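Structure first, then comments.
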Amino acid sequence: MIYIITGHYGSGKTEVAINLALTLKNPTIIDLDIVNPFFRTKDAEDKLIANGIKVIAPEFANTNIDVPSLPPDIFAGLQGDNDLIIDVGGDDDGAIALGQYNRYFREKPYEMYFVINTKRPLTSNADDIIEMLKSIERTSRITVTALINNTNIKSETTVNDLLQGQKIVDEVSYITGLPVKAISATREIIEQIEIANLPKLSLDLHLTLPWEV
């Protein structure tokens with residue numbers, strides 16, 4: 001199965017991608033973000049490799065060379081039999097890179113999860129979220145299959161933040177007909193959430209900004 005994780009900048013999609021990878025058996029994770037220099041899947045490469053996860057990343061990721069170069073290993077990953085997680089760059093800018101692999105998603109089963117953080121300025125209400133989602137679909141030529149509520153304000157996130165975000169995500173689900181795949185947050189927060197028939201994704205945080213280290 002191919003799992004594509006996309007969303008707005010700052011949605012937390014990379015943390016979702018990493019944590020999803022850690023729930024699977026010997027998957028490959030592709031860092032397809034050629035836009036954002038921070039919060040890269042490659043930042044957690046040591047942890048992922050230690051857990052039997054192969055990491056494929058742009059050749060100049062985490063260097064001072066600003067050249068978006070995608071490695072040929074991506075094609076091998078797309079053609080392999082193992083589960084594959086693709087962490088896509090934010091917004092339609094990031095989805096451009098995904099579009100060039102469009103044919104593989106017509107040949108193999110995939111899920112494309114749109115990660116939503118309602119605390120971000122361009123995804124704070126249903127209309128803006130749907131506009132962002134449709135823009136990513138147009139650019140990538142791939143259809144979103146489900147939503148993930150990852151509403152957060154980093155370490156300041158509260159249970160109420162996540163629940164308020166869920167109301168908006170439910171509205172998006174109602175309008176678009178897309179199911180809500182999961183509600184995700186750190187273990188401390190997610191353990192306090194109980195919503196009938198909604199799976200929970202507990203996140204261990206692996207990424208920090210350079211000035212936070």
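Lettering and numbering for the structure tokens are positional, with chains as A, B, ... in the shown order, residues counted from 1 in each chain, and ligands counted from 1 in the shown order.
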
What's the 9 Å shell around Gln166 in chain A, counting only C-alpha atoms, without same-chain residues fewer than 2 positions away, as a count of residues only? 13

What's around Lys54 in chain A at 7 Å? Count only C-alpha atoms, leave out sequence neighbours fewer than 6 positions away in its own chain, and write the answer as a PyMOL selection string. chain A and resi 27-29

Kindly save the residues from that selection, with N, CA and C atoms included, as a PDB file, in the first residue's frame.
```
ATOM      1  N   PRO A  27       8.568  -0.665   6.297  1.00  0.00           N
ATOM      2  CA  PRO A  27       8.154   0.157   5.158  1.00  0.00           C
ATOM      3  C   PRO A  27       9.311   1.007   4.636  1.00  0.00           C
ATOM      4  N   THR A  28       9.064   1.679   3.545  1.00  0.00           N
ATOM      5  CA  THR A  28       9.961   2.713   3.035  1.00  0.00           C
ATOM      6  C   THR A  28       9.256   4.045   3.169  1.00  0.00           C
ATOM      7  N   ILE A  29       9.981   5.081   3.587  1.00  0.00           N
ATOM      8  CA  ILE A  29       9.399   6.407   3.666  1.00  0.00           C
ATOM      9  C   ILE A  29      10.166   7.333   2.729  1.00  0.00           C
TER      10      ILE A  29
END
```

A straight line from CA of Pro121 in chain A to CA of Gly89 in chain A spans 17.3 Å

Using DSSP on the backbone coordinates, identify the residues of chain A assigned to strand (DSSP E); present them as a VMD selection string. chain A and resid 2 to 7 28 to 32 54 to 56 84 to 88 110 to 116 146 to 149 180 to 186 200 to 203

Take the residues from that selection and put them in a file with N, CA and C atoms, as a CSV table (one decimal), in the first residue's frame.
```
chain,number,residue,atom,x,y,z
A,2,ILE,N,0.5,2.3,-0.7
A,2,ILE,CA,1.1,3.6,-0.7
A,2,ILE,C,0.3,4.5,0.1
A,3,TYR,N,0.9,5.2,1.1
A,3,TYR,CA,0.3,6.2,1.9
A,3,TYR,C,0.9,7.5,1.6
A,4,ILE,N,0.1,8.4,1.1
A,4,ILE,CA,0.6,9.8,0.8
A,4,ILE,C,0.1,10.7,1.8
A,5,ILE,N,1.0,11.5,2.4
A,5,ILE,CA,0.7,12.4,3.5
A,5,ILE,C,0.9,13.8,3.0
A,6,THR,N,-0.2,14.6,3.0
A,6,THR,CA,-0.1,15.9,2.4
A,6,THR,C,-0.9,16.9,3.3
A,7,GLY,N,-0.8,18.2,3.1
A,7,GLY,CA,-1.5,19.2,3.9
A,7,GLY,C,-0.8,20.5,3.7
A,28,THR,N,9.1,1.7,3.5
A,28,THR,CA,10.0,2.7,3.0
A,28,THR,C,9.3,4.0,3.2
A,29,ILE,N,10.0,5.1,3.6
A,29,ILE,CA,9.4,6.4,3.7
A,29,ILE,C,10.2,7.3,2.7
A,30,ILE,N,9.4,8.1,1.9
A,30,ILE,CA,10.0,9.0,0.9
A,30,ILE,C,9.8,10.4,1.4
A,31,ASP,N,10.9,11.2,1.6
A,31,ASP,CA,10.8,12.6,1.9
A,31,ASP,C,10.7,13.3,0.6
A,32,LEU,N,9.5,13.7,0.2
A,32,LEU,CA,9.3,14.3,-1.1
A,32,LEU,C,9.1,15.8,-1.0
A,54,LYS,N,13.4,2.1,5.7
A,54,LYS,CA,14.3,2.8,4.7
A,54,LYS,C,13.8,4.2,4.4
A,55,VAL,N,14.8,5.1,4.4
A,55,VAL,CA,14.5,6.5,4.1
A,55,VAL,C,15.1,6.9,2.8
A,56,ILE,N,14.2,7.5,1.9
A,56,ILE,CA,14.6,8.1,0.7
A,56,ILE,C,14.3,9.6,0.7
A,84,LEU,N,4.7,1.9,1.5
A,84,LEU,CA,5.4,3.1,1.2
A,84,LEU,C,4.7,4.3,1.8
A,85,ILE,N,5.4,5.1,2.5
A,85,ILE,CA,4.8,6.4,3.0
A,85,ILE,C,5.5,7.5,2.3
A,86,ILE,N,4.7,8.4,1.7
A,86,ILE,CA,5.3,9.6,1.0
A,86,ILE,C,4.9,10.9,1.7
A,87,ASP,N,5.9,11.6,2.2
A,87,ASP,CA,5.7,12.8,2.9
A,87,ASP,C,5.9,13.9,1.9
A,88,VAL,N,4.8,14.6,1.6
A,88,VAL,CA,4.7,15.6,0.5
A,88,VAL,C,4.9,17.0,1.1
A,110,TYR,N,-3.5,3.1,-3.2
A,110,TYR,CA,-3.0,4.2,-2.4
A,110,TYR,C,-4.0,4.8,-1.5
A,111,GLU,N,-3.6,5.4,-0.5
A,111,GLU,CA,-4.4,6.3,0.3
A,111,GLU,C,-3.7,7.7,0.4
A,112,MET,N,-4.4,8.7,0.2
A,112,MET,CA,-3.9,10.1,0.3
A,112,MET,C,-4.6,10.8,1.4
A,113,TYR,N,-3.8,11.0,2.5
A,113,TYR,CA,-4.4,11.6,3.7
A,113,TYR,C,-4.1,13.1,3.7
A,114,PHE,N,-5.1,13.9,3.9
A,114,PHE,CA,-4.9,15.4,4.0
A,114,PHE,C,-4.9,15.7,5.5
A,115,VAL,N,-3.8,16.2,6.0
A,115,VAL,CA,-3.6,16.5,7.4
A,115,VAL,C,-4.0,17.9,7.7
A,116,ILE,N,-4.9,18.1,8.7
A,116,ILE,CA,-5.4,19.4,8.9
A,116,ILE,C,-5.1,19.9,10.3
A,146,ALA,N,-8.9,10.7,2.4
A,146,ALA,CA,-9.3,10.8,3.8
A,146,ALA,C,-8.7,12.0,4.5
A,147,LEU,N,-9.3,12.4,5.6
A,147,LEU,CA,-8.8,13.5,6.4
A,147,LEU,C,-8.2,13.1,7.7
A,148,ILE,N,-7.2,13.8,8.2
A,148,ILE,CA,-6.7,13.5,9.6
A,148,ILE,C,-6.7,14.9,10.3
A,149,ASN,N,-7.3,14.9,11.5
A,149,ASN,CA,-7.3,16.1,12.3
A,149,ASN,C,-6.0,16.1,13.2
A,180,VAL,N,-13.1,10.9,7.9
A,180,VAL,CA,-12.0,11.3,8.8
A,180,VAL,C,-11.3,10.0,9.2
A,181,LYS,N,-10.1,9.9,8.8
A,181,LYS,CA,-9.3,8.7,9.0
A,181,LYS,C,-8.9,8.5,10.5
A,182,ALA,N,-8.5,9.7,11.1
A,182,ALA,CA,-8.0,9.6,12.5
A,182,ALA,C,-7.9,11.0,13.1
A,183,ILE,N,-7.9,11.1,14.4
A,183,ILE,CA,-7.5,12.3,15.1
A,183,ILE,C,-6.2,12.0,15.8
A,184,SER,N,-5.3,13.0,15.6
A,184,SER,CA,-3.9,12.7,16.1
A,184,SER,C,-3.4,13.8,17.0
A,185,ALA,N,-2.6,13.4,17.9
A,185,ALA,CA,-2.0,14.3,18.9
A,185,ALA,C,-0.9,13.6,19.7
A,186,THR,N,-0.2,14.3,20.5
A,186,THR,CA,0.7,13.7,21.4
A,186,THR,C,0.0,12.7,22.4
A,200,LYS,N,-7.6,6.8,16.8
A,200,LYS,CA,-6.7,7.8,17.4
A,200,LYS,C,-5.3,7.5,16.9
A,201,LEU,N,-4.5,8.5,16.5
A,201,LEU,CA,-3.1,8.3,16.2
A,201,LEU,C,-2.3,9.0,17.2
A,202,SER,N,-1.6,8.3,18.0
A,202,SER,CA,-0.8,8.8,19.1
A,202,SER,C,0.6,9.2,18.5
A,203,LEU,N,1.0,10.5,18.7
A,203,LEU,CA,2.3,10.9,18.1
A,203,LEU,C,3.4,11.1,19.1
```

Could you tell me how far CA of Glu137 in chain A lies from CA of Thr23 in chain A, in Å and to one decimal? 26.4 Å

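Distance-wise, CA of Leu22 in chain A and CA of Asp46 in chain A end up 12.5 Å apart.
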
Pick out each residue of range 84-140 of chain A that DSSP on the backbone tags as alpha helix (DSSP H); I need them as a PyMOL selection string. chain A and resi 91-99+104-107+126-140

Go through A:Lys119, A:Gly77, A:Ile129, A:Asn19 one by one, measure the shortest atom-to-atom distance of each to Arg187 in chain A using only C-alpha atoms, and give the residue with the smallest value. A:Asn19

Exercise: His8 in chain A partners within 8 Å, only C-alpha atoms, chain neighbours under 5 positions left out, as a PyMOL selection string: chain A and resi 90-91+115-117+122-123+132
